[in-house]
Structures are given as C-alpha cells and as structure tokens.
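Worksheet: one structure, shown below.
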Amino acid sequence: MNQATLHQLKVFEAAARHGSFTRAAEELFLTQPTVSMQIKQLTKSVGLPLFEQVGKRLYLTEAGRELFATCRQIFDTIAQFEMKVADLKGLKQGQLRLAVITTAKYIIPRLLGPFCQLYPGIDISLQVTNHERILERMVNNMDDLYIMSQVPDHLDVNFEAFLENPLVVFAPLNHPLSHEKNIPIERLGEEPFIMREPGSGTRRAVQTLLDEHGVKVNVKLELGSNEAIKQAIAGGLGISVLSRHTLLTDAAEFSILDVQHFPIKRTWYMVYPAGKQLSIVARTYYEYLLNAAKEIVEQGNLLSIPSAETISR
Ligand code: PGA
C-alpha cells in the first residue's frame, strides 16, 4: 500500500459507498475516467481486485470490503484530528452524521436550529429511517450517533435515554370510539387497521402487545411512513398505532383512543457502537440533546423548543 494515496482512498470510498464510479465522480467533481484511473492504480497497489461487475451492478470483493472498512477508520481518524485542532483553536467545527428513527423526525430537526446557532461551524447530515435500516447503518458504522426507540440487544452499544416516545391509538376525529373510556384491547380487532411496514420498530412494538393479548387486527393497509398513515386515518381508511409525537402540529385532526394497555411506553435513546470513540462534535451534540430534552421535559411541551441560550446554560 506504499504507493496508495489519500486521494485514491477517497475516490475508492465514494465509489464503494455509491456502488458506482459515475456517482463517485459526480460527488467528487471528477471525471469518470479519472475515477477509473485512480481505482485502477489503487487496485494495483493492493494486488487484488476491489470491485466486481455482475450484470450492470458493481459489487465490492472481499478485499474491497476490507479496504472500505479501513477507509472509514482512516477518514474518521483524520476527521477526529481536524476536530481536535479546531477545538484547540477554540472552535467547534466538523461534520456530524446523525441517523434518526422516523418517530424522532418531528423533534430532532427542530432542535438542530438552536444547535446550529450555537455551533455555526458544524455541518450536519441527517438520515431518517426505520428501526431495521438504522441497525444496518450502525453495523456498517455509517454515522456518528443513532437515535432510536429500541436499543439493539445483539450489538454491543452505549446508550442513554433522553425522551419518552409513547405509542397511542390514532383514529379519525369523529370516530365512534373517540368518546369511550377504557376500550378493551380486543375491540381493535373489529376496526380496519393500518400497519407500518416490516422492519419498523413501531410495528414490532404494536405486534408484540397484540400477541401478548391474543388480539388479531384486520390489516387493511400497510404503509411505510407515519405521515402517510396519518393521511390514511384522516381519509377514513382505518385506525392505527403511532408515536404521539407524530401529532406535533396537527393534533386537532385526530382523536386518540383510550384503549386498555395503551400508550405503549417507549423511549428515545442516543446510541453508538461500544467500540466507537465519539468525535468532539458528536460529543457536543450528545450533551446538547440531553440538555434540550431536559428543558422540554421541564416545560412539558414538545412544541416549545427551547432557545440556544436556554439549552447551553
Ligand atoms: P420505526 O420507528 O417504526 O420507524 O422503526 C419507531 C421507533 O422505534 O421509534
């Protein structure tokens, strides 16, 4: 690897991440032949093929996968160093990569406003996806911090709870059950039900509760987004179970049914792999989110997002 350059590794990392030379070229503002040439030279230094083409798709070989993981470590270490230097200069600078569960998308982006005000030198990338995808991203070490409602028990991780995330039964505004109290859970079996997609943590939590009570729901529709489910409920297609936080701005359009065993108590956690050293920027965000959550709990209202000054105090 003596001949390999950092630039070649950067080009390779982008090509491996995108599974495409063309998209790597676009991202790095290079031409496609330049990307091919850099990867050819890198392949020569390694002495084994890094990619293989099957049909139209590009796959990493075993050596390619090893090199991809190595690149991530190298670039993480360099980023850490850059952040340390920025920190020594008294600046908080660098990149923060967050992956956030769908239910938390109602709150995390709002809290980024005050955070960016406090630390204008930090650039953020935010991925919003379901439980299963978050786990995949974590296994592949794609982000600095993960926000999710269920801490994976098969992975060695560090985690800390910061806010409750209760799951409640949503129905259209004038649903006949909306004025009833203490509705038996079995009653859910009589309503058309809208379910999240397989791989969703919400779905898993709902299914576990239903199974515990031997209740079978009549799934009319399966949808991969909380917002789409809300629109379907508003359109009268059925009822569903969603995070109460998904109601942040349109509570007047739905009723929450008072069903036995609900809400399902869940909590949002900040999670990262146990072996990972948090960057200064990630550590800063971690502390920030804990303080912001504390403020929100004290004010008792998710909508009253605290200001940068109150959070940093
Ligand atoms: P998900 O998220 O249903 O999008 O996976 C739910 C959660 O675990 O908060």
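For the structure tokens, the naming scheme is as follows: chains receive sequential letters (A, B, ...) according to their order of presentation, residues are indexed from 1 within each chain, and ligands are indexed from 1 in presentation order.
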
May I have the residues within 9 Å of ligand 1, computed using only C-alpha atoms and all ligand atoms, as an mmCIF file with all heavy atoms, in the first residue's frame?
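Saved result, result-v1.cif, follows:
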data_model
loop_
_atom_site.group_PDB
_atom_site.id
_atom_site.type_symbol
_atom_site.label_atom_id
_atom_site.label_comp_id
_atom_site.auth_asym_id
_atom_site.auth_seq_id
_atom_site.Cartn_x
_atom_site.Cartn_y
_atom_site.Cartn_z
ATOM 1 N N VAL A 100 -31.608 8.851 12.424
ATOM 2 C CA VAL A 100 -32.695 9.067 13.367
ATOM 3 C C VAL A 100 -33.906 8.223 12.965
ATOM 4 O O VAL A 100 -34.243 8.139 11.790
ATOM 5 C CB VAL A 100 -33.057 10.581 13.322
ATOM 6 C CG1 VAL A 100 -34.330 10.858 14.026
ATOM 7 C CG2 VAL A 100 -31.932 11.410 13.876
ATOM 8 N N ILE A 101 -34.522 7.614 13.943
ATOM 9 C CA ILE A 101 -35.718 6.806 13.711
ATOM 10 C C ILE A 101 -36.878 7.713 13.265
ATOM 11 O O ILE A 101 -36.924 8.871 13.655
ATOM 12 C CB ILE A 101 -36.044 6.063 15.035
ATOM 13 C CG1 ILE A 101 -36.994 4.921 14.821
ATOM 14 C CG2 ILE A 101 -36.584 6.995 16.099
ATOM 15 C CD1 ILE A 101 -36.311 3.712 14.358
ATOM 16 N N THR A 102 -37.791 7.175 12.472
ATOM 17 C CA THR A 102 -38.834 8.037 11.859
ATOM 18 C C THR A 102 -39.645 8.823 12.888
ATOM 19 O O THR A 102 -40.038 9.951 12.625
ATOM 20 C CB THR A 102 -39.823 7.210 11.019
ATOM 21 O OG1 THR A 102 -40.561 6.353 11.889
ATOM 22 C CG2 THR A 102 -39.136 6.394 9.959
ATOM 23 N N THR A 103 -39.898 8.193 14.052
ATOM 24 C CA THR A 103 -40.741 8.895 15.026
ATOM 25 C C THR A 103 -40.052 10.150 15.561
ATOM 26 O O THR A 103 -40.720 11.096 15.984
ATOM 27 C CB THR A 103 -41.065 7.966 16.220
ATOM 28 O OG1 THR A 103 -39.851 7.384 16.677
ATOM 29 C CG2 THR A 103 -42.024 6.885 15.825
ATOM 30 N N ALA A 104 -38.712 10.155 15.537
ATOM 31 C CA ALA A 104 -37.973 11.288 16.107
ATOM 32 C C ALA A 104 -37.789 12.422 15.105
ATOM 33 O O ALA A 104 -37.251 13.466 15.441
ATOM 34 C CB ALA A 104 -36.621 10.820 16.625
ATOM 35 N N VAL A 128 -33.149 9.907 8.055
ATOM 36 C CA VAL A 128 -34.338 9.488 8.810
ATOM 37 C C VAL A 128 -34.804 8.159 8.222
ATOM 38 O O VAL A 128 -35.080 8.078 7.028
ATOM 39 C CB VAL A 128 -35.476 10.528 8.683
ATOM 40 C CG1 VAL A 128 -36.703 10.067 9.453
ATOM 41 C CG2 VAL A 128 -35.019 11.888 9.183
ATOM 42 N N THR A 129 -34.851 7.137 9.063
ATOM 43 C CA THR A 129 -35.243 5.835 8.512
ATOM 44 C C THR A 129 -35.794 4.929 9.620
ATOM 45 O O THR A 129 -35.869 5.355 10.769
ATOM 46 C CB THR A 129 -34.037 5.209 7.758
ATOM 47 O OG1 THR A 129 -34.482 4.048 7.085
ATOM 48 C CG2 THR A 129 -32.894 4.848 8.692
ATOM 49 N N ASN A 130 -36.221 3.725 9.256
ATOM 50 C CA ASN A 130 -36.869 2.886 10.270
ATOM 51 C C ASN A 130 -35.843 2.067 11.080
ATOM 52 O O ASN A 130 -34.642 2.117 10.812
ATOM 53 C CB ASN A 130 -37.967 2.015 9.653
ATOM 54 C CG ASN A 130 -37.430 0.854 8.842
ATOM 55 O OD1 ASN A 130 -36.248 0.509 8.898
ATOM 56 N ND2 ASN A 130 -38.287 0.241 8.064
ATOM 57 N N HIS A 131 -36.361 1.334 12.056
ATOM 58 C CA HIS A 131 -35.510 0.631 13.014
ATOM 59 C C HIS A 131 -34.482 -0.276 12.305
ATOM 60 O O HIS A 131 -33.292 -0.246 12.614
ATOM 61 C CB HIS A 131 -36.414 -0.181 13.949
ATOM 62 C CG HIS A 131 -35.659 -0.918 15.000
ATOM 63 N ND1 HIS A 131 -35.175 -0.303 16.130
ATOM 64 C CD2 HIS A 131 -35.273 -2.209 15.081
ATOM 65 C CE1 HIS A 131 -34.538 -1.189 16.858
ATOM 66 N NE2 HIS A 131 -34.578 -2.354 16.249
ATOM 67 N N GLU A 132 -34.979 -1.072 11.367
ATOM 68 C CA GLU A 132 -34.103 -2.055 10.728
ATOM 69 C C GLU A 132 -32.957 -1.371 9.968
ATOM 70 O O GLU A 132 -31.803 -1.786 10.041
ATOM 71 C CB GLU A 132 -34.936 -2.913 9.781
ATOM 72 C CG GLU A 132 -34.277 -4.201 9.420
ATOM 73 C CD GLU A 132 -35.277 -5.116 8.761
ATOM 74 O OE1 GLU A 132 -36.016 -5.787 9.491
ATOM 75 O OE2 GLU A 132 -35.345 -5.124 7.511
ATOM 76 N N ARG A 133 -33.311 -0.308 9.238
ATOM 77 C CA ARG A 133 -32.293 0.417 8.458
ATOM 78 C C ARG A 133 -31.265 1.082 9.382
ATOM 79 O O ARG A 133 -30.082 1.143 9.076
ATOM 80 C CB ARG A 133 -32.935 1.506 7.591
ATOM 81 C CG ARG A 133 -33.878 1.005 6.552
ATOM 82 C CD ARG A 133 -33.140 0.652 5.268
ATOM 83 N NE ARG A 133 -33.091 -0.789 5.087
ATOM 84 C CZ ARG A 133 -34.126 -1.512 4.681
ATOM 85 N NH1 ARG A 133 -35.266 -0.949 4.399
ATOM 86 N NH2 ARG A 133 -34.009 -2.820 4.544
ATOM 87 N N ILE A 134 -31.757 1.585 10.532
ATOM 88 C CA ILE A 134 -30.828 2.211 11.489
ATOM 89 C C ILE A 134 -29.806 1.161 11.944
ATOM 90 O O ILE A 134 -28.611 1.439 12.028
ATOM 91 C CB ILE A 134 -31.581 2.774 12.719
ATOM 92 C CG1 ILE A 134 -32.524 3.891 12.299
ATOM 93 C CG2 ILE A 134 -30.609 3.196 13.826
ATOM 94 C CD1 ILE A 134 -32.146 5.281 12.691
ATOM 95 N N ILE A 147 -30.351 7.677 16.797
ATOM 96 C CA ILE A 147 -31.454 7.924 17.726
ATOM 97 C C ILE A 147 -32.545 6.927 17.413
ATOM 98 O O ILE A 147 -33.010 6.847 16.263
ATOM 99 C CB ILE A 147 -31.923 9.387 17.603
ATOM 100 C CG1 ILE A 147 -30.798 10.258 18.142
ATOM 101 C CG2 ILE A 147 -33.234 9.605 18.367
ATOM 102 C CD1 ILE A 147 -30.971 11.708 17.931
ATOM 103 N N MET A 148 -32.873 6.123 18.406
ATOM 104 C CA MET A 148 -33.826 5.043 18.175
ATOM 105 C C MET A 148 -34.591 4.715 19.452
ATOM 106 O O MET A 148 -34.215 5.173 20.534
ATOM 107 C CB MET A 148 -33.099 3.806 17.651
ATOM 108 C CG MET A 148 -32.047 3.268 18.579
ATOM 109 S SD MET A 148 -30.785 2.250 17.731
ATOM 110 C CE MET A 148 -31.792 1.104 16.818
ATOM 111 N N SER A 149 -35.691 3.927 19.303
ATOM 112 C CA SER A 149 -36.522 3.647 20.473
ATOM 113 C C SER A 149 -36.243 2.299 21.097
ATOM 114 O O SER A 149 -36.770 1.991 22.145
ATOM 115 C CB SER A 149 -37.999 3.668 20.102
ATOM 116 O OG SER A 149 -38.330 4.856 19.505
ATOM 117 N N GLN A 150 -35.492 1.494 20.375
ATOM 118 C CA GLN A 150 -35.233 0.168 20.945
ATOM 119 C C GLN A 150 -33.745 -0.122 20.841
ATOM 120 O O GLN A 150 -33.215 -0.180 19.730
ATOM 121 C CB GLN A 150 -36.032 -0.872 20.178
ATOM 122 C CG GLN A 150 -36.161 -2.141 20.934
ATOM 123 C CD GLN A 150 -36.861 -3.193 20.082
ATOM 124 O OE1 GLN A 150 -37.516 -2.879 19.090
ATOM 125 N NE2 GLN A 150 -36.693 -4.422 20.468
ATOM 126 N N ASN A 165 -41.276 8.231 24.291
ATOM 127 C CA ASN A 165 -41.883 8.152 22.953
ATOM 128 C C ASN A 165 -43.097 7.218 23.008
ATOM 129 O O ASN A 165 -43.043 6.080 22.560
ATOM 130 C CB ASN A 165 -40.838 7.638 21.950
ATOM 131 C CG ASN A 165 -41.445 7.390 20.595
ATOM 132 O OD1 ASN A 165 -42.398 8.062 20.196
ATOM 133 N ND2 ASN A 165 -40.910 6.414 19.870
ATOM 134 N N PRO A 166 -44.210 7.665 23.610
ATOM 135 C CA PRO A 166 -45.353 6.773 23.778
ATOM 136 C C PRO A 166 -46.081 6.498 22.461
ATOM 137 O O PRO A 166 -46.213 7.400 21.626
ATOM 138 C CB PRO A 166 -46.269 7.574 24.724
ATOM 139 C CG PRO A 166 -45.856 8.988 24.587
ATOM 140 C CD PRO A 166 -44.432 9.009 24.134
ATOM 141 N N LEU A 167 -46.510 5.259 22.288
ATOM 142 C CA LEU A 167 -47.294 4.901 21.097
ATOM 143 C C LEU A 167 -48.775 4.854 21.477
ATOM 144 O O LEU A 167 -49.139 4.211 22.468
ATOM 145 C CB LEU A 167 -46.873 3.533 20.552
ATOM 146 C CG LEU A 167 -45.401 3.362 20.176
ATOM 147 C CD1 LEU A 167 -45.170 1.981 19.560
ATOM 148 C CD2 LEU A 167 -44.963 4.437 19.195
ATOM 149 N N ARG A 196 -47.621 -0.169 10.001
ATOM 150 C CA ARG A 196 -46.340 0.220 9.401
ATOM 151 C C ARG A 196 -45.715 -0.986 8.698
ATOM 152 O O ARG A 196 -46.120 -2.116 8.877
ATOM 153 C CB ARG A 196 -45.401 0.737 10.494
ATOM 154 C CG ARG A 196 -45.684 2.166 10.955
ATOM 155 C CD ARG A 196 -45.157 3.188 9.943
ATOM 156 N NE ARG A 196 -43.761 3.005 9.651
ATOM 157 C CZ ARG A 196 -42.772 3.500 10.387
ATOM 158 N NH1 ARG A 196 -43.039 4.243 11.436
ATOM 159 N NH2 ARG A 196 -41.513 3.267 10.057
ATOM 160 N N GLU A 197 -44.667 -0.725 7.926
ATOM 161 C CA GLU A 197 -44.015 -1.761 7.113
ATOM 162 C C GLU A 197 -43.176 -2.724 7.977
ATOM 163 O O GLU A 197 -42.755 -2.348 9.071
ATOM 164 C CB GLU A 197 -43.109 -1.083 6.064
ATOM 165 C CG GLU A 197 -41.775 -0.552 6.593
ATOM 166 C CD GLU A 197 -41.887 0.698 7.478
ATOM 167 O OE1 GLU A 197 -43.009 1.168 7.711
ATOM 168 O OE2 GLU A 197 -40.837 1.184 7.945
ATOM 169 N N PRO A 198 -42.896 -3.956 7.491
ATOM 170 C CA PRO A 198 -41.977 -4.824 8.230
ATOM 171 C C PRO A 198 -40.632 -4.097 8.378
ATOM 172 O O PRO A 198 -40.229 -3.370 7.481
ATOM 173 C CB PRO A 198 -41.813 -6.046 7.316
ATOM 174 C CG PRO A 198 -42.998 -6.012 6.407
ATOM 175 C CD PRO A 198 -43.398 -4.583 6.258
ATOM 176 N N GLY A 199 -39.977 -4.294 9.516
ATOM 177 C CA GLY A 199 -38.706 -3.586 9.753
ATOM 178 C C GLY A 199 -38.907 -2.354 10.612
ATOM 179 O O GLY A 199 -37.950 -1.782 11.118
ATOM 180 N N SER A 200 -40.178 -1.960 10.788
ATOM 181 C CA SER A 200 -40.475 -0.783 11.623
ATOM 182 C C SER A 200 -40.525 -1.181 13.097
ATOM 183 O O SER A 200 -41.110 -2.208 13.457
ATOM 184 C CB SER A 200 -41.820 -0.193 11.185
ATOM 185 O OG SER A 200 -42.537 0.314 12.295
ATOM 186 N N GLY A 201 -39.923 -0.358 13.945
ATOM 187 C CA GLY A 201 -39.945 -0.605 15.383
ATOM 188 C C GLY A 201 -41.347 -0.419 15.946
ATOM 189 O O GLY A 201 -41.756 -1.129 16.866
ATOM 190 N N THR A 202 -42.083 0.548 15.398
ATOM 191 C CA THR A 202 -43.465 0.782 15.832
ATOM 192 C C THR A 202 -44.281 -0.489 15.594
ATOM 193 O O THR A 202 -44.992 -0.969 16.479
ATOM 194 C CB THR A 202 -44.090 1.949 15.023
ATOM 195 O OG1 THR A 202 -43.242 3.078 15.119
ATOM 196 C CG2 THR A 202 -45.482 2.281 15.506
ATOM 197 N N ARG A 203 -44.149 -1.012 14.393
ATOM 198 C CA ARG A 203 -44.893 -2.227 14.050
ATOM 199 C C ARG A 203 -44.552 -3.352 15.032
ATOM 200 O O ARG A 203 -45.433 -4.047 15.530
ATOM 201 C CB ARG A 203 -44.557 -2.646 12.619
ATOM 202 C CG ARG A 203 -45.200 -3.961 12.207
ATOM 203 C CD ARG A 203 -44.696 -4.357 10.839
ATOM 204 N NE ARG A 203 -45.139 -5.656 10.425
ATOM 205 C CZ ARG A 203 -45.845 -5.903 9.340
ATOM 206 N NH1 ARG A 203 -46.210 -4.924 8.556
ATOM 207 N NH2 ARG A 203 -46.168 -7.128 9.021
ATOM 208 N N ARG A 204 -43.265 -3.528 15.296
ATOM 209 C CA ARG A 204 -42.849 -4.617 16.183
ATOM 210 C C ARG A 204 -43.458 -4.437 17.573
ATOM 211 O O ARG A 204 -43.961 -5.381 18.174
ATOM 212 C CB ARG A 204 -41.319 -4.658 16.240
ATOM 213 C CG ARG A 204 -40.775 -5.639 17.227
ATOM 214 C CD ARG A 204 -39.819 -6.660 16.670
ATOM 215 N NE ARG A 204 -38.727 -6.100 15.903
ATOM 216 C CZ ARG A 204 -37.485 -5.934 16.374
ATOM 217 N NH1 ARG A 204 -37.199 -6.261 17.607
ATOM 218 N NH2 ARG A 204 -36.545 -5.474 15.596
ATOM 219 N N ALA A 205 -43.437 -3.187 18.079
ATOM 220 C CA ALA A 205 -43.973 -2.939 19.424
ATOM 221 C C ALA A 205 -45.481 -3.204 19.462
ATOM 222 O O ALA A 205 -45.998 -3.795 20.419
ATOM 223 C CB ALA A 205 -43.681 -1.506 19.832
ATOM 224 N N GLY A 224 -45.396 2.644 4.670
ATOM 225 C CA GLY A 224 -44.024 2.802 5.167
ATOM 226 C C GLY A 224 -43.721 4.176 5.718
ATOM 227 O O GLY A 224 -42.563 4.546 5.803
ATOM 228 N N SER A 225 -44.735 4.946 6.092
ATOM 229 C CA SER A 225 -44.432 6.263 6.651
ATOM 230 C C SER A 225 -45.520 6.694 7.626
ATOM 231 O O SER A 225 -46.715 6.470 7.392
ATOM 232 C CB SER A 225 -44.265 7.276 5.517
ATOM 233 O OG SER A 225 -45.208 8.306 5.584
ATOM 234 N N ASN A 226 -45.095 7.318 8.719
ATOM 235 C CA ASN A 226 -46.062 7.788 9.725
ATOM 236 C C ASN A 226 -47.005 8.829 9.124
ATOM 237 O O ASN A 226 -48.193 8.844 9.405
ATOM 238 C CB ASN A 226 -45.320 8.420 10.907
ATOM 239 C CG ASN A 226 -44.419 7.420 11.601
ATOM 240 O OD1 ASN A 226 -44.807 6.275 11.803
ATOM 241 N ND2 ASN A 226 -43.221 7.835 11.939
ATOM 242 N N LEU A 242 -49.475 4.903 16.474
ATOM 243 C CA LEU A 242 -48.316 5.717 16.077
ATOM 244 C C LEU A 242 -47.746 6.404 17.303
ATOM 245 O O LEU A 242 -48.421 6.511 18.330
ATOM 246 C CB LEU A 242 -48.747 6.808 15.089
ATOM 247 C CG LEU A 242 -49.235 6.373 13.709
ATOM 248 C CD1 LEU A 242 -49.791 7.575 12.953
ATOM 249 C CD2 LEU A 242 -48.114 5.724 12.910
ATOM 250 N N SER A 243 -46.556 6.923 17.144
ATOM 251 C CA SER A 243 -45.961 7.706 18.229
ATOM 252 C C SER A 243 -46.796 8.965 18.440
ATOM 253 O O SER A 243 -47.210 9.608 17.480
ATOM 254 C CB SER A 243 -44.541 8.102 17.837
ATOM 255 O OG SER A 243 -44.113 9.172 18.637
ATOM 256 N N ARG A 266 -42.523 3.737 25.270
ATOM 257 C CA ARG A 266 -41.208 3.621 24.625
ATOM 258 C C ARG A 266 -40.403 4.873 24.921
ATOM 259 O O ARG A 266 -40.960 5.876 25.351
ATOM 260 C CB ARG A 266 -41.380 3.443 23.110
ATOM 261 C CG ARG A 266 -41.751 2.031 22.745
ATOM 262 C CD ARG A 266 -42.256 1.945 21.354
ATOM 263 N NE ARG A 266 -41.224 1.928 20.317
ATOM 264 C CZ ARG A 266 -40.473 0.905 20.013
ATOM 265 N NH1 ARG A 266 -40.552 -0.202 20.711
ATOM 266 N NH2 ARG A 266 -39.615 0.965 19.014
ATOM 267 N N THR A 267 -39.133 4.782 24.682
ATOM 268 C CA THR A 267 -38.234 5.898 24.998
ATOM 269 C C THR A 267 -37.258 6.067 23.847
ATOM 270 O O THR A 267 -36.877 5.082 23.219
ATOM 271 C CB THR A 267 -37.437 5.546 26.281
ATOM 272 O OG1 THR A 267 -38.376 5.229 27.299
ATOM 273 C CG2 THR A 267 -36.572 6.687 26.735
ATOM 274 N N TRP A 268 -36.910 7.292 23.559
ATOM 275 C CA TRP A 268 -35.842 7.514 22.574
ATOM 276 C C TRP A 268 -34.494 7.452 23.282
ATOM 277 O O TRP A 268 -34.333 8.010 24.377
ATOM 278 C CB TRP A 268 -35.972 8.879 21.937
ATOM 279 C CG TRP A 268 -37.040 8.968 20.908
ATOM 280 C CD1 TRP A 268 -37.387 8.043 19.981
ATOM 281 C CD2 TRP A 268 -37.913 10.082 20.697
ATOM 282 N NE1 TRP A 268 -38.409 8.503 19.202
ATOM 283 C CE2 TRP A 268 -38.740 9.747 19.626
ATOM 284 C CE3 TRP A 268 -38.057 11.326 21.303
ATOM 285 C CZ2 TRP A 268 -39.713 10.621 19.144
ATOM 286 C CZ3 TRP A 268 -39.014 12.188 20.837
ATOM 287 C CH2 TRP A 268 -39.839 11.833 19.768
#

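Residues in contact range of range 235-241 of chain A, defined as at most 7 Å between only C-alpha atoms, with sequence neighbours fewer than 5 positions away removed, read Leu167, Val168, Val169, Phe170, Ala171, Pro172, Glu191, Pro192, Phe193, Ile194 and Met195 of chain A.
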
Same residues, N, CA, C and O atoms, saved as a tab-separated table (two decimals), in the first residue's frame:
chain	number	residue	atom	x	y	z
A	167	LEU	N	-46.51	5.26	22.29
A	167	LEU	CA	-47.29	4.90	21.10
A	167	LEU	C	-48.77	4.85	21.48
A	167	LEU	O	-49.14	4.21	22.47
A	168	VAL	N	-49.60	5.52	20.71
A	168	VAL	CA	-51.03	5.64	21.05
A	168	VAL	C	-51.90	5.22	19.86
A	168	VAL	O	-51.41	5.13	18.73
A	169	VAL	N	-53.18	5.01	20.14
A	169	VAL	CA	-54.09	4.58	19.08
A	169	VAL	C	-54.73	5.82	18.44
A	169	VAL	O	-55.41	6.60	19.10
A	170	PHE	N	-54.45	6.00	17.15
A	170	PHE	CA	-54.98	7.15	16.40
A	170	PHE	C	-56.24	6.74	15.65
A	170	PHE	O	-56.29	5.68	15.05
A	171	ALA	N	-57.24	7.64	15.67
A	171	ALA	CA	-58.45	7.41	14.87
A	171	ALA	C	-58.87	8.74	14.25
A	171	ALA	O	-58.40	9.80	14.68
A	172	PRO	N	-59.75	8.71	13.26
A	172	PRO	CA	-60.22	9.98	12.70
A	172	PRO	C	-60.97	10.77	13.79
A	172	PRO	O	-61.45	10.18	14.77
A	191	GLU	N	-61.83	-3.11	14.00
A	191	GLU	CA	-61.65	-1.90	13.17
A	191	GLU	C	-60.68	-2.17	12.03
A	191	GLU	O	-59.72	-2.92	12.22
A	192	PRO	N	-60.91	-1.58	10.86
A	192	PRO	CA	-59.85	-1.68	9.83
A	192	PRO	C	-58.58	-1.04	10.37
A	192	PRO	O	-58.64	0.05	10.95
A	193	PHE	N	-57.46	-1.73	10.21
A	193	PHE	CA	-56.21	-1.29	10.86
A	193	PHE	C	-55.16	-0.96	9.80
A	193	PHE	O	-55.03	-1.64	8.79
A	194	ILE	N	-54.41	0.09	10.07
A	194	ILE	CA	-53.32	0.47	9.16
A	194	ILE	C	-52.00	0.21	9.89
A	194	ILE	O	-51.82	0.65	11.01
A	195	MET	N	-51.12	-0.54	9.24
A	195	MET	CA	-49.90	-1.01	9.91
A	195	MET	C	-48.68	-0.44	9.22
A	195	MET	O	-48.69	-0.25	8.00

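The shell of residues at most 9 Å from Thr61 in chain A, with only C-alpha atoms counted and near chain neighbours (fewer than 2 positions) removed, consists of Leu48, Pro49, Leu50, Phe51, Glu52, Tyr59, Ala63, Gly64, Arg65 and Glu66 of chain A.
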
If we count only C-alpha atoms, what is near Glu13 in chain A at a cut-off of 8 Å, once residues fewer than 6 positions away on the same chain are taken out, given as a tab-separated table (two decimals) with C-alpha atoms, in the first residue's frame?
chain	number	residue	atom	x	y	z
A	68	PHE	CA	-13.85	0.12	2.58
A	71	CYS	CA	-11.04	3.80	4.68
A	72	ARG	CA	-13.83	4.65	7.10

Near Leu96 in chain A, counting only C-alpha atoms, which residues have an atom at most 12 Å away, once you skip same-chain residues fewer than 6 positions from it, shown as number ranges by chain? A: 76, 79-80, 83, 112, 115-116, 119, 121-127, 142-146, 278-286

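The coordinates place CA of Ile256 in chain A at 7.0 Å from CA of Ser178 in chain A.
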
Return as number ranges by chain the full set of residues in range 53-182 of chain A whose backbone-based DSSP assignment is alpha helix (DSSP H). A: 62-88, 108-118, 131-139
